[in-house]
file entry_15.txt (compact mmCIF, C-alpha atoms and all ligand atoms)
# COMPACT_ATOMS: atom_id res chain seq x y z
CA MET A 1 -17.89 15.18 22.74
CA SER A 2 -14.26 14.98 21.78
CA ALA A 3 -12.46 11.64 21.89
CA PHE A 4 -9.05 13.32 21.91
CA PRO A 5 -9.59 16.40 24.09
CA GLU A 6 -5.88 16.80 24.85
CA VAL A 7 -4.94 17.08 21.17
CA SER A 8 -5.54 20.05 18.91
CA LYS A 9 -4.82 20.10 15.20
CA ILE A 10 -1.25 18.92 14.56
CA LYS A 11 0.84 21.71 13.05
CA TYR A 12 4.21 21.99 11.39
CA GLU A 13 6.79 23.47 13.79
CA GLY A 14 10.02 22.65 11.93
CA PRO A 15 12.95 20.29 12.63
CA LYS A 16 13.99 22.09 15.85
CA SER A 17 10.69 21.48 17.57
CA ASP A 18 10.62 18.98 20.42
CA ASN A 19 6.85 19.02 20.66
CA PRO A 20 5.80 15.36 20.18
CA LEU A 21 2.43 16.54 18.88
CA ALA A 22 3.84 18.66 16.05
CA PHE A 23 5.29 17.89 12.64
CA ARG A 24 8.99 18.52 12.23
CA TRP A 25 9.22 17.71 8.51
CA TYR A 26 5.69 17.34 7.16
CA ASN A 27 4.69 20.82 6.08
CA PRO A 28 1.62 20.18 3.91
CA ASP A 29 1.79 23.36 1.81
CA GLU A 30 5.55 23.40 1.30
CA VAL A 31 6.47 22.89 -2.36
CA VAL A 32 9.04 20.17 -3.05
CA ALA A 33 9.95 19.14 -6.61
CA GLY A 34 7.13 21.19 -8.09
CA LYS A 35 4.27 20.00 -5.87
CA THR A 36 3.10 20.49 -2.31
CA MET A 37 4.05 17.82 0.19
CA LYS A 38 0.38 17.17 0.68
CA ASP A 39 -0.06 16.32 -3.01
CA HIS A 40 3.06 14.19 -3.20
CA LEU A 41 2.35 12.11 -0.14
CA ARG A 42 -1.44 11.81 -0.02
CA PHE A 43 -1.27 10.43 3.53
CA THR A 44 -3.97 7.92 4.37
CA VAL A 45 -5.09 6.47 7.70
CA VAL A 46 -6.35 2.88 7.70
CA TYR A 47 -9.52 2.17 9.55
CA TRP A 48 -8.78 -1.47 10.36
CA HIS A 49 -5.61 -1.16 12.40
CA THR A 50 -6.22 2.30 13.79
CA PHE A 51 -9.86 1.92 14.78
CA ARG A 52 -10.44 -1.84 14.87
CA GLY A 53 -7.07 -3.15 15.99
CA SER A 54 -7.48 -4.72 19.42
CA GLY A 55 -3.83 -5.48 20.09
CA SER A 56 -4.47 -9.23 20.25
CA ASP A 57 -1.76 -11.62 19.10
CA PRO A 58 -1.55 -15.45 18.99
CA PHE A 59 -0.54 -15.44 22.66
CA GLY A 60 -2.99 -13.04 24.19
CA GLY A 61 -6.12 -10.97 23.80
CA GLY A 62 -6.73 -7.32 23.16
CA THR A 63 -4.95 -4.59 25.09
CA MET A 64 -6.13 -1.40 23.41
CA HIS A 65 -7.80 1.24 25.54
CA ARG A 66 -10.43 2.91 23.34
CA PRO A 67 -12.79 4.82 25.64
CA TRP A 68 -15.26 5.64 22.85
CA GLU A 69 -16.12 1.93 22.31
CA ASP A 70 -19.28 0.75 24.10
CA GLY A 71 -18.29 -2.91 23.92
CA THR A 72 -21.05 -3.93 21.49
CA ASP A 73 -20.90 -4.83 17.83
CA SER A 74 -23.87 -2.60 17.06
CA VAL A 75 -24.40 -0.25 14.15
CA GLN A 76 -24.77 2.53 16.71
CA ASN A 77 -21.30 1.86 18.10
CA ALA A 78 -19.94 1.69 14.54
CA CYS A 79 -21.44 5.11 13.76
CA ASN A 80 -19.96 6.64 16.92
CA ARG A 81 -16.59 5.14 16.08
CA ALA A 82 -16.78 6.61 12.58
CA ARG A 83 -17.20 10.08 14.07
CA VAL A 84 -14.22 9.50 16.35
CA ALA A 85 -12.17 8.36 13.36
CA PHE A 86 -12.91 11.57 11.51
CA GLU A 87 -11.93 13.64 14.53
CA PHE A 88 -8.63 11.78 14.42
CA PHE A 89 -8.12 12.29 10.64
CA GLU A 90 -8.91 15.98 11.02
CA LYS A 91 -6.60 16.58 13.96
CA LEU A 92 -3.82 14.65 12.26
CA ASP A 93 -4.39 16.64 9.05
CA ALA A 94 -4.57 13.38 7.06
CA PRO A 95 -6.29 14.01 3.73
CA PHE A 96 -7.43 10.40 3.14
CA TYR A 97 -8.61 7.22 4.83
CA ALA A 98 -9.16 3.63 3.65
CA PHE A 99 -11.38 0.81 4.93
CA HIS A 100 -12.64 -2.75 4.53
CA ASP A 101 -16.43 -3.14 4.49
CA ARG A 102 -16.37 -5.20 7.70
CA ASP A 103 -14.15 -2.75 9.60
CA VAL A 104 -16.55 0.09 9.34
CA ALA A 105 -19.80 -1.83 9.83
CA PRO A 106 -20.69 -5.04 11.68
CA GLU A 107 -21.46 -8.20 9.74
CA GLY A 108 -25.15 -9.17 10.00
CA ALA A 109 -26.82 -12.57 10.13
CA THR A 110 -27.41 -12.50 6.36
CA LEU A 111 -25.75 -10.76 3.44
CA ALA A 112 -28.74 -8.44 3.12
CA GLU A 113 -28.38 -7.47 6.78
CA SER A 114 -24.63 -6.87 6.36
CA ASN A 115 -25.34 -4.66 3.35
CA ALA A 116 -27.92 -2.67 5.31
CA ASN A 117 -25.44 -2.20 8.18
CA LEU A 118 -22.83 -1.00 5.72
CA ASP A 119 -25.26 1.47 4.17
CA ALA A 120 -26.13 2.86 7.60
CA VAL A 121 -22.49 3.48 8.51
CA ALA A 122 -21.62 4.72 5.00
CA LYS A 123 -24.20 7.45 5.54
CA VAL A 124 -22.21 8.71 8.53
CA LEU A 125 -18.92 8.33 6.64
CA LYS A 126 -20.33 10.46 3.85
CA GLU A 127 -21.54 13.15 6.24
CA GLU A 128 -18.16 13.20 7.95
CA GLN A 129 -16.30 13.36 4.62
CA GLN A 130 -18.41 16.37 3.69
CA ARG A 131 -17.92 18.02 7.05
CA THR A 132 -14.13 17.59 7.13
CA GLY A 133 -13.05 17.36 3.46
CA VAL A 134 -11.23 14.10 4.24
CA LYS A 135 -11.49 11.77 1.24
CA LEU A 136 -11.56 8.03 0.65
CA LEU A 137 -8.35 6.72 -0.92
CA TRP A 138 -9.72 3.23 -1.30
CA GLY A 139 -12.31 0.76 -0.20
CA THR A 140 -12.01 -3.01 -0.09
CA ALA A 141 -13.89 -6.10 1.07
CA ASN A 142 -12.79 -8.28 3.96
CA MET A 143 -13.06 -11.80 2.55
CA PHE A 144 -10.75 -13.54 4.97
CA SER A 145 -12.02 -13.13 8.56
CA ASN A 146 -15.34 -14.94 8.36
CA PRO A 147 -14.98 -18.77 8.56
CA ARG A 148 -16.93 -19.16 5.29
CA PHE A 149 -13.76 -17.95 3.55
CA MET A 150 -11.52 -20.64 5.08
CA HIS A 151 -10.68 -21.99 1.58
CA GLY A 152 -10.45 -18.54 0.02
CA ALA A 153 -13.00 -16.28 -1.67
CA ALA A 154 -12.39 -15.91 -5.41
CA THR A 155 -10.20 -19.04 -5.33
CA THR A 156 -12.39 -21.17 -3.06
CA CYS A 157 -13.34 -24.76 -3.87
CA ASN A 158 -16.92 -23.90 -2.80
CA VAL A 159 -18.80 -22.24 -5.66
CA GLU A 160 -21.44 -20.72 -3.34
CA VAL A 161 -18.74 -19.02 -1.31
CA TYR A 162 -17.44 -17.64 -4.63
CA ALA A 163 -20.90 -16.25 -5.36
CA TYR A 164 -21.04 -14.75 -1.86
CA ALA A 165 -17.64 -13.12 -2.39
CA ALA A 166 -18.78 -11.68 -5.73
CA ALA A 167 -21.87 -10.19 -4.12
CA GLN A 168 -19.76 -8.77 -1.30
CA VAL A 169 -17.32 -7.11 -3.68
CA LYS A 170 -20.21 -5.78 -5.75
CA LYS A 171 -21.57 -4.06 -2.66
CA ALA A 172 -18.15 -2.81 -1.52
CA MET A 173 -17.59 -1.29 -4.97
CA GLU A 174 -20.96 0.45 -4.82
CA VAL A 175 -20.18 1.94 -1.41
CA THR A 176 -16.68 2.93 -2.51
CA LYS A 177 -18.18 4.71 -5.51
CA GLU A 178 -20.83 6.39 -3.35
CA LEU A 179 -18.07 7.73 -1.08
CA GLY A 180 -15.96 8.99 -3.98
CA GLY A 181 -13.19 6.39 -3.44
CA GLU A 182 -10.27 7.04 -5.78
CA ASN A 183 -9.17 3.38 -5.88
CA TYR A 184 -10.49 -0.07 -5.04
CA VAL A 185 -8.06 -2.63 -3.60
CA PHE A 186 -7.91 -6.40 -3.74
CA TRP A 187 -5.54 -7.86 -1.21
CA GLY A 188 -5.56 -11.65 -1.61
CA GLY A 189 -6.77 -12.53 1.89
CA ARG A 190 -6.93 -16.32 1.75
CA GLU A 191 -6.42 -16.55 -2.02
CA GLY A 192 -3.62 -19.10 -1.98
CA TYR A 193 -3.09 -22.58 -0.59
CA GLN A 194 -1.81 -24.49 2.40
CA CYS A 195 -1.29 -27.80 0.58
CA LEU A 196 -0.91 -28.68 -3.10
CA TYR A 197 -2.37 -32.20 -2.55
CA ASN A 198 -5.84 -30.66 -2.18
CA THR A 199 -5.42 -27.70 -4.54
CA ASP A 200 -6.21 -27.37 -8.25
CA MET A 201 -4.04 -24.33 -8.78
CA LYS A 202 -4.91 -23.78 -12.45
CA ARG A 203 -8.63 -23.94 -11.78
CA GLU A 204 -8.35 -21.55 -8.82
CA LEU A 205 -6.37 -19.01 -10.83
CA ASP A 206 -8.85 -19.23 -13.73
CA HIS A 207 -11.61 -18.47 -11.23
CA LEU A 208 -9.65 -15.50 -9.88
CA GLY A 209 -9.19 -14.18 -13.42
CA ARG A 210 -12.96 -14.47 -14.02
CA PHE A 211 -13.65 -12.71 -10.72
CA PHE A 212 -11.53 -9.71 -11.69
CA HIS A 213 -13.14 -9.52 -15.13
CA MET A 214 -16.55 -9.44 -13.48
CA ALA A 215 -15.32 -6.62 -11.22
CA VAL A 216 -14.11 -4.66 -14.25
CA ASP A 217 -17.45 -5.21 -16.02
CA TYR A 218 -19.40 -4.10 -12.98
CA ALA A 219 -17.27 -0.97 -12.56
CA LYS A 220 -18.13 -0.04 -16.14
CA GLU A 221 -21.79 -0.77 -15.54
CA ILE A 222 -22.08 1.51 -12.51
CA GLY A 223 -19.61 4.11 -13.76
CA PHE A 224 -17.02 3.54 -11.02
CA LYS A 225 -13.91 5.34 -12.30
CA GLY A 226 -11.52 4.48 -9.46
CA GLN A 227 -8.29 2.61 -10.10
CA PHE A 228 -8.31 -1.13 -9.32
CA LEU A 229 -5.28 -2.27 -7.34
CA ILE A 230 -3.93 -5.67 -6.38
CA GLU A 231 -1.78 -5.84 -3.26
CA PRO A 232 0.97 -8.47 -3.50
CA LYS A 233 1.91 -10.56 -0.47
CA PRO A 234 3.84 -13.86 -0.53
CA LYS A 235 2.48 -15.69 2.50
CA GLU A 236 0.27 -15.24 5.59
CA PRO A 237 -2.40 -16.33 6.15
CA THR A 238 -1.81 -19.07 3.54
CA LYS A 239 1.61 -20.58 3.04
CA HIS A 240 1.55 -19.43 -0.56
CA GLN A 241 -0.49 -16.40 -1.58
CA TYR A 242 -1.17 -16.33 -5.33
CA ASP A 243 -0.38 -12.59 -5.55
CA SER A 244 3.03 -13.37 -4.12
CA ASP A 245 4.98 -10.38 -5.41
CA ALA A 246 4.84 -7.67 -8.06
CA ALA A 247 6.26 -9.96 -10.74
CA ALA A 248 3.76 -12.75 -10.00
CA CYS A 249 0.86 -10.28 -10.02
CA LEU A 250 1.90 -8.79 -13.34
CA ASN A 251 2.29 -12.22 -14.86
CA PHE A 252 -1.19 -13.11 -13.63
CA LEU A 253 -2.70 -9.87 -14.96
CA ARG A 254 -1.07 -10.38 -18.34
CA THR A 255 -2.15 -14.03 -18.58
CA TYR A 256 -5.77 -13.10 -17.95
CA GLY A 257 -5.85 -9.95 -20.09
CA LEU A 258 -6.24 -7.58 -17.12
CA THR A 259 -3.21 -5.27 -17.36
CA ASP A 260 -5.25 -2.33 -18.63
CA TYR A 261 -7.48 -2.33 -15.57
CA PHE A 262 -5.21 -3.04 -12.62
CA LYS A 263 -2.17 -1.52 -10.97
CA LEU A 264 -0.41 -2.62 -7.80
CA ASN A 265 -0.57 -1.50 -4.21
CA ILE A 266 2.91 -2.26 -2.87
CA GLU A 267 3.40 -2.85 0.87
CA THR A 268 6.81 -2.64 2.51
CA ASN A 269 6.35 -5.52 4.91
CA HIS A 270 5.00 -7.75 2.12
CA ALA A 271 8.03 -6.93 -0.03
CA THR A 272 10.41 -8.03 2.72
CA LEU A 273 8.38 -11.19 3.41
CA ALA A 274 8.82 -11.98 -0.29
CA GLY A 275 12.58 -11.63 0.12
CA HIS A 276 12.71 -8.29 -1.71
CA GLU A 277 13.47 -4.76 -0.68
CA MET A 278 10.56 -2.33 -0.94
CA MET A 279 12.59 -0.42 -3.50
CA HIS A 280 12.74 -3.53 -5.68
CA GLU A 281 8.99 -4.05 -5.64
CA LEU A 282 8.33 -0.37 -6.38
CA GLU A 283 10.83 -0.31 -9.22
CA TYR A 284 9.48 -3.55 -10.69
CA ALA A 285 5.91 -2.24 -10.67
CA GLY A 286 6.96 1.26 -11.75
CA MET A 287 8.98 0.18 -14.76
CA GLN A 288 5.91 -1.61 -16.10
CA GLY A 289 3.58 1.33 -15.54
CA ALA A 290 1.82 -0.55 -12.76
CA LEU A 291 2.76 1.38 -9.62
CA GLY A 292 -0.57 2.40 -8.14
CA SER A 293 -0.25 3.07 -4.43
CA ILE A 294 1.73 2.04 -1.37
CA ASP A 295 0.91 0.52 1.99
CA ALA A 296 3.47 2.29 4.09
CA ASN A 297 4.71 0.22 6.97
CA THR A 298 7.75 -1.78 7.88
CA GLY A 299 8.48 -5.20 9.31
CA ASP A 300 10.89 -6.32 11.97
CA LEU A 301 13.51 -8.45 10.26
CA LEU A 302 13.93 -10.49 13.44
CA LEU A 303 10.24 -11.46 13.40
CA GLY A 304 9.10 -13.49 10.44
CA TRP A 305 5.60 -12.13 9.94
CA ASP A 306 3.66 -9.09 8.77
CA THR A 307 4.24 -6.99 11.89
CA ASP A 308 2.90 -3.84 10.18
CA GLN A 309 4.97 -1.33 12.13
CA PHE A 310 5.05 2.37 11.47
CA ALA A 311 8.07 3.20 9.33
CA THR A 312 10.38 5.69 11.04
CA ASN A 313 13.64 4.85 9.32
CA TYR A 314 14.77 7.75 7.12
CA TYR A 315 16.88 5.50 4.97
CA LEU A 316 13.85 3.39 4.07
CA THR A 317 11.59 6.38 3.44
CA THR A 318 14.27 8.02 1.29
CA GLN A 319 14.53 4.87 -0.84
CA ILE A 320 10.75 4.69 -1.20
CA MET A 321 10.47 8.35 -2.15
CA LEU A 322 13.26 8.04 -4.72
CA VAL A 323 11.09 5.57 -6.63
CA LEU A 324 7.78 7.36 -6.00
CA LEU A 325 9.23 10.62 -7.34
CA LYS A 326 10.36 8.77 -10.43
CA TYR A 327 7.00 7.22 -11.30
CA GLY A 328 4.42 9.34 -9.43
CA LEU A 329 1.70 7.97 -7.19
CA SER A 330 -1.64 9.67 -7.77
CA PRO A 331 -4.43 8.49 -7.62
CA GLY A 332 -2.67 6.31 -5.05
CA GLY A 333 -1.32 7.49 -1.72
CA VAL A 334 0.97 6.73 1.20
CA ASN A 335 -1.38 4.55 3.17
CA PHE A 336 -0.39 3.73 6.76
CA ASP A 337 -1.26 0.04 6.83
CA ALA A 338 0.44 -0.07 10.20
CA LYS A 339 -0.54 -0.70 13.78
CA VAL A 340 0.72 0.54 17.09
CA ARG A 341 2.35 -2.18 19.20
CA ARG A 342 0.03 -3.93 21.63
CA GLU A 343 1.98 -2.34 24.48
CA SER A 344 1.23 1.14 23.05
CA PHE A 345 -2.38 0.93 24.06
CA GLU A 346 -3.37 4.54 24.77
CA PRO A 347 -5.23 6.66 22.19
CA ILE A 348 -2.42 9.23 22.21
CA ASP A 349 -0.06 6.56 20.84
CA LEU A 350 -2.09 6.63 17.61
CA PHE A 351 -1.02 10.25 17.18
CA TYR A 352 2.64 9.63 18.00
CA ALA A 353 2.77 6.73 15.55
CA HIS A 354 1.23 8.59 12.62
CA ILE A 355 3.06 11.87 13.24
CA GLY A 356 6.41 10.09 13.37
CA SER A 357 5.84 8.19 10.16
CA MET A 358 4.42 11.20 8.32
CA ASP A 359 7.55 13.08 9.30
CA ALA A 360 9.77 10.21 8.19
CA PHE A 361 8.12 10.18 4.75
CA ALA A 362 8.28 13.97 4.47
CA ARG A 363 11.96 13.89 5.31
CA GLY A 364 12.48 11.05 2.82
CA LEU A 365 10.67 13.13 0.21
CA LYS A 366 12.96 16.12 0.74
CA VAL A 367 16.13 14.06 0.72
CA ALA A 368 15.06 12.11 -2.38
CA ALA A 369 14.05 15.31 -4.17
CA SER A 370 17.52 16.87 -3.57
CA ILE A 371 19.29 13.69 -4.69
CA ILE A 372 17.25 13.70 -7.90
CA GLU A 373 17.58 17.43 -8.48
CA ASP A 374 21.36 17.30 -8.15
CA GLY A 375 21.60 14.17 -10.31
CA ALA A 376 23.65 12.77 -7.43
CA LEU A 377 22.88 9.14 -8.28
CA SER A 378 21.68 9.48 -11.86
CA SER A 379 24.92 10.95 -13.19
CA LEU A 380 26.85 7.88 -12.03
CA LEU A 381 24.05 5.62 -13.22
CA SER A 382 24.09 6.98 -16.75
CA LYS A 383 27.86 6.82 -16.78
CA ARG A 384 27.65 3.13 -15.86
CA TYR A 385 25.62 2.44 -19.01
CA SER A 386 27.42 4.92 -21.29
CA SER A 387 28.83 2.15 -23.51
CA TRP A 388 25.24 1.51 -24.63
CA ASP A 389 25.02 5.07 -26.02
CA SER A 390 27.31 4.01 -28.87
CA GLU A 391 26.25 2.88 -32.34
CA LEU A 392 26.69 -0.73 -31.23
CA GLY A 393 24.38 -0.20 -28.26
CA ARG A 394 21.77 1.69 -30.25
CA ASN A 395 21.64 -1.05 -32.89
CA ILE A 396 21.08 -3.72 -30.27
CA GLU A 397 18.47 -1.71 -28.38
CA SER A 398 16.52 -0.89 -31.52
CA GLY A 399 16.48 -4.53 -32.62
CA LYS A 400 18.73 -4.05 -35.67
CA SER A 401 21.53 -6.36 -34.59
CA SER A 402 21.80 -10.13 -34.93
CA PHE A 403 24.20 -12.61 -33.32
CA ARG A 404 26.16 -12.53 -36.62
CA ASP A 405 26.54 -8.72 -36.45
CA LEU A 406 27.72 -8.85 -32.88
CA GLU A 407 30.21 -11.58 -33.67
CA ALA A 408 31.47 -9.57 -36.64
CA PHE A 409 31.94 -6.57 -34.34
CA ILE A 410 33.72 -8.26 -31.46
CA MET A 411 35.75 -10.97 -33.24
CA PRO A 412 38.37 -8.62 -34.75
CA LYS A 413 38.77 -6.91 -31.34
CA GLY A 414 39.63 -10.19 -29.69
CA GLU A 415 38.41 -8.99 -26.24
CA ALA A 416 35.71 -6.71 -24.89
CA ALA A 417 36.55 -3.24 -23.53
CA ARG A 418 37.59 -3.06 -19.88
CA ASN A 419 34.82 -2.81 -17.28
CA GLN A 420 34.29 0.25 -15.08
CA SER A 421 33.82 0.15 -11.32
CA GLY A 422 30.22 -0.20 -10.07
CA ARG A 423 30.95 2.37 -7.29
CA GLN A 424 28.35 0.91 -4.93
CA GLU A 425 30.09 2.15 -1.79
CA LEU A 426 30.49 5.63 -3.21
CA LEU A 427 26.79 5.74 -4.07
CA GLU A 428 25.85 4.59 -0.57
CA ASN A 429 28.06 7.31 0.86
CA ILE A 430 26.36 9.88 -1.33
CA VAL A 431 22.92 8.91 -0.01
CA ASN A 432 24.24 9.23 3.55
CA ARG A 433 25.65 12.64 2.74
CA TYR A 434 22.21 13.87 1.69
CA LEU A 435 20.74 12.37 4.86
CA ASP A 436 23.31 14.27 6.94
CA ARG A 437 22.14 17.65 5.67
C1 LIG A 501 -2.64 -7.65 4.95
C2 LIG A 501 -2.88 -6.53 4.05
C3 LIG A 501 -4.23 -5.87 4.23
C4 LIG A 501 -4.60 -5.04 3.04
C5 LIG A 501 -6.03 -4.66 2.97
O1 LIG A 501 -1.53 -8.09 5.15
O2 LIG A 501 -1.85 -5.61 4.18
O3 LIG A 501 -4.26 -5.11 5.40
O4 LIG A 501 -3.83 -3.91 2.96
O5 LIG A 501 -6.87 -5.74 2.80
NI NI A 502 -1.79 -3.76 3.18
NI NI A 503 -0.01 -6.42 5.23
call {"tool": "encode", "arguments": {"input": "entry_15.txt", "output": "structure tokens", "more": "lines below"}}
Ligand code: XLS
Ligand code: NI
Ligand code: NI
result
Amino acid sequence: MSAFPEVSKIKYEGPKSDNPLAFRWYNPDEVVAGKTMKDHLRFTVVYWHTFRGSGSDPFGGGTMHRPWEDGTDSVQNACNRARVAFEFFEKLDAPFYAFHDRDVAPEGATLAESNANLDAVAKVLKEEQQRTGVKLLWGTANMFSNPRFMHGAATTCNVEVYAYAAAQVKKAMEVTKELGGENYVFWGGREGYQCLYNTDMKRELDHLGRFFHMAVDYAKEIGFKGQFLIEPKPKEPTKHQYDSDAAACLNFLRTYGLTDYFKLNIETNHATLAGHEMMHELEYAGMQGALGSIDANTGDLLLGWDTDQFATNYYLTTQIMLVLLKYGLSPGGVNFDAKVRRESFEPIDLFYAHIGSMDAFARGLKVAASIIEDGALSSLLSKRYSSWDSELGRNIESGKSSFRDLEAFIMPKGEAARNQSGRQELLENIVNRYLDR
């Protein structure tokens, strides 16, 4: 029985279409900058918000109307839900999905029971993947919802909770491998602190480093070839999350000798919570060869938390795609870590939300590709640095120059050459011009 009988497969109808259940910009097979849109964007639906989000907030309970739910936390209900999810992925034409272990299957009374539940649901996920061709972008373990993780998982003060977390990740990696997952993500959950009086930060970070090394070792042991990703976030649920932004993550990875094994999964709403633009976080990760994947959402700047809204702003998606085109994304993807508002409680709203954001990213892709192809920003950018293309600049960049050499160069001149305009406003106008097309 269909869960979405009123929806057939979403098709591309072009920008003039006013059909809310059609794509206006996302045309999967259209080639942009040498690749199909489908291959550039690698759209991914998240299981947790889309199929487990209840709509609850700190002031009220769930609002979501999900007629396929039977109200129990049984494995049977989880298996039914998995089939509904795949109907959704298929109709939306989303090539990938992503999950936490505890989203897809209920937690049991013991770890062994939880593992068995996960295996039972993974069987259905595998069947559905084979039936539909939808693939797993990444798997991860939820190590923040259960009260045992109140002090964290890999940074907990309770060594048995640490062991539990290790066993849980071990299992989640096995299931991710079994389902052909192309990545495995670590979002910090409760890895961080609320109060430094009761926190041994150095010891906690050493434990986290050990934890990741054990994950790397286990991946080698079982032959899991997926990319490991860390997802930076500065705060929430703890007041300070250790993986606070791209720079902090890279410093951590370098300190613990992990840079060869991990890249970053950058989320828009986490970037803004850290006081950065998404473009900054992407560029920072990209320039260090560590841009792995993105969690595509947006925050509301008037609300100070991770509101995980669907991004519909073309300006934002254009900025994101400018950086993704520069560094590439595969084996990552554009993962909709976003939830419909609690007032948008009908199943059809899930379609509107994803279609709109897929279109916004497709439009951003096209605009960014034309900007890059025409060199519309890059010509002014290289002009801005043209003084460095001189002998003086080359000697500095190649490490040949010393302070003495530079003094000897500039002293006889008495003053440096005049500066050129930064042309920020012109550049902003140029981006708008491409958006107008
Ligand atoms: C929470 C994170 C989380 C990760 C997956 O803020 O975005 O949803 O993406 O654990
Ligand atoms: Ni996320
Ligand atoms: Ni988030």
call {"tool": "closest_atom_pairs", "arguments": {"input": "entry_15.txt", "of": "chain A", "to": "ligand LIG 501 (chain A)", "cutoff": "8 Å", "atoms": "all atoms listed in the file", "output": "tab-separated table"}}
result
residue	atom	partner	partner_atom	distance
A:Trp48	CA	A:LIG501	O3	7.6
A:Phe99	CA	A:LIG501	C5	7.9
A:His100	CA	A:LIG501	O5	6.7
A:Thr140	CA	A:LIG501	O5	6.5
A:Ala141	CA	A:LIG501	O5	7.2
A:Asn142	CA	A:LIG501	O5	6.5
A:Val185	CA	A:LIG501	C5	7.2
A:Phe186	CA	A:LIG501	O5	6.7
A:Trp187	CA	A:LIG501	O5	4.7
A:Gly188	CA	A:LIG501	O5	7.5
A:Gly189	CA	A:LIG501	O5	6.9
A:Glu231	CA	A:LIG501	O4	6.8
A:Lys233	CA	A:LIG501	O1	7.0
A:Glu236	CA	A:LIG501	O1	7.4
A:Glu267	CA	A:LIG501	O2	6.8
A:His270	CA	A:LIG501	O1	7.2
A:Asp295	CA	A:LIG501	O4	6.6
A:Asp306	CA	A:LIG501	O1	6.4
A:Asp308	CA	A:LIG501	O2	7.9
A:Asp337	CA	A:LIG501	O4	6.1
call {"tool": "residues_around", "arguments": {"input": "entry_15.txt", "residues": "Val45 in chain A", "least_positions_apart": "6", "cutoff": "7 Å", "atoms": "all atoms listed in the file", "output": "PyMOL selection string"}}
result
chain A and resi 94+96-98+335-336
call {"tool": "closest_residue", "arguments": {"input": "entry_15.txt", "among": "A:Met279, A:Ile294, A:Ala360, A:Leu377", "to": "ligand NI 502 (chain A)", "atoms": "only C-alpha atoms and all ligand atoms"}}
result
A:Ile294
call {"tool": "closest_residue", "arguments": {"input": "entry_15.txt", "among": "A:Gly62, A:Ile266, A:Asp200, A:Glu107", "to": "ligand NI 503 (chain A)", "atoms": "all atoms listed in the file"}}
result
A:Ile266
call {"tool": "closest_residue", "arguments": {"input": "entry_15.txt", "among": "A:Lys35, A:Lys339, A:Arg210, A:His40", "to": "ligand NI 503 (chain A)", "atoms": "only C-alpha atoms and all ligand atoms"}}
result
A:Lys339
call {"tool": "closest_residue", "arguments": {"input": "entry_15.txt", "among": "A:Val161, A:Thr317, A:Leu264, A:Tyr385", "to": "Gly364 in chain A", "atoms": "all atoms listed in the file"}}
result
A:Thr317
call {"tool": "residues_around", "arguments": {"input": "entry_15.txt", "residues": "Ala78 in chain A", "least_positions_apart": "4", "cutoff": "8 Å", "atoms": "only C-alpha atoms", "output": "NGL selection string"}}
result
:A and (73-74 or 82 or 104-106 or 121)
call {"tool": "write_last_selection", "arguments": {"input": "entry_15.txt", "atoms": "C-alpha atoms", "output": "mmCIF file, in the frame of the given file"}}
result
data_model
loop_
_atom_site.group_PDB
_atom_site.id
_atom_site.type_symbol
_atom_site.label_atom_id
_atom_site.label_comp_id
_atom_site.auth_asym_id
_atom_site.auth_seq_id
_atom_site.Cartn_x
_atom_site.Cartn_y
_atom_site.Cartn_z
ATOM 1 C CA ASP A 73 -20.900 -4.830 17.830
ATOM 2 C CA SER A 74 -23.870 -2.600 17.060
ATOM 3 C CA ALA A 82 -16.780 6.610 12.580
ATOM 4 C CA VAL A 104 -16.550 0.090 9.340
ATOM 5 C CA ALA A 105 -19.800 -1.830 9.830
ATOM 6 C CA PRO A 106 -20.690 -5.040 11.680
ATOM 7 C CA VAL A 121 -22.490 3.480 8.510
#
call {"tool": "closest_residue", "arguments": {"input": "entry_15.txt", "among": "A:Ser378, A:Ser244, A:Asn432, A:Asn395", "to": "Tyr315 in chain A", "atoms": "only C-alpha atoms"}}
result
A:Asn432
call {"tool": "closest_residue", "arguments": {"input": "entry_15.txt", "among": "A:Asp436, A:Pro232, A:Glu204, A:Asn297", "to": "Asn158 in chain A", "atoms": "all atoms listed in the file"}}
result
A:Glu204
call {"tool": "residues_around", "arguments": {"input": "entry_15.txt", "residues": "range 164-177 of chain A", "least_positions_apart": "5", "cutoff": "8 Å", "atoms": "all atoms listed in the file", "output": "compact mmCIF listing (two decimals) with C-alpha atoms, keeping the file's coordinate frame"}}
result
# COMPACT_ATOMS: atom_id res chain seq x y z
CA ASP A 101 -16.43 -3.14 4.49
CA LEU A 111 -25.75 -10.76 3.44
CA ASN A 115 -25.34 -4.66 3.35
CA ASP A 119 -25.26 1.47 4.17
CA ALA A 122 -21.62 4.72 5.00
CA LEU A 136 -11.56 8.03 0.65
CA TRP A 138 -9.72 3.23 -1.30
CA GLY A 139 -12.31 0.76 -0.20
CA THR A 140 -12.01 -3.01 -0.09
CA ALA A 141 -13.89 -6.10 1.07
CA MET A 143 -13.06 -11.80 2.55
CA ALA A 153 -13.00 -16.28 -1.67
CA ALA A 154 -12.39 -15.91 -5.41
CA TYR A 184 -10.49 -0.07 -5.04
CA PHE A 211 -13.65 -12.71 -10.72
CA ALA A 215 -15.32 -6.62 -11.22
CA TYR A 218 -19.40 -4.10 -12.98
CA ALA A 219 -17.27 -0.97 -12.56
CA ILE A 222 -22.08 1.51 -12.51
CA PHE A 224 -17.02 3.54 -11.02
CA GLY A 226 -11.52 4.48 -9.46
call {"tool": "atom_distance", "arguments": {"input": "entry_15.txt", "atom1": "CA of Ser357 in chain A", "atom2": "CA of Ile10 in chain A"}}
result
13.6 Å
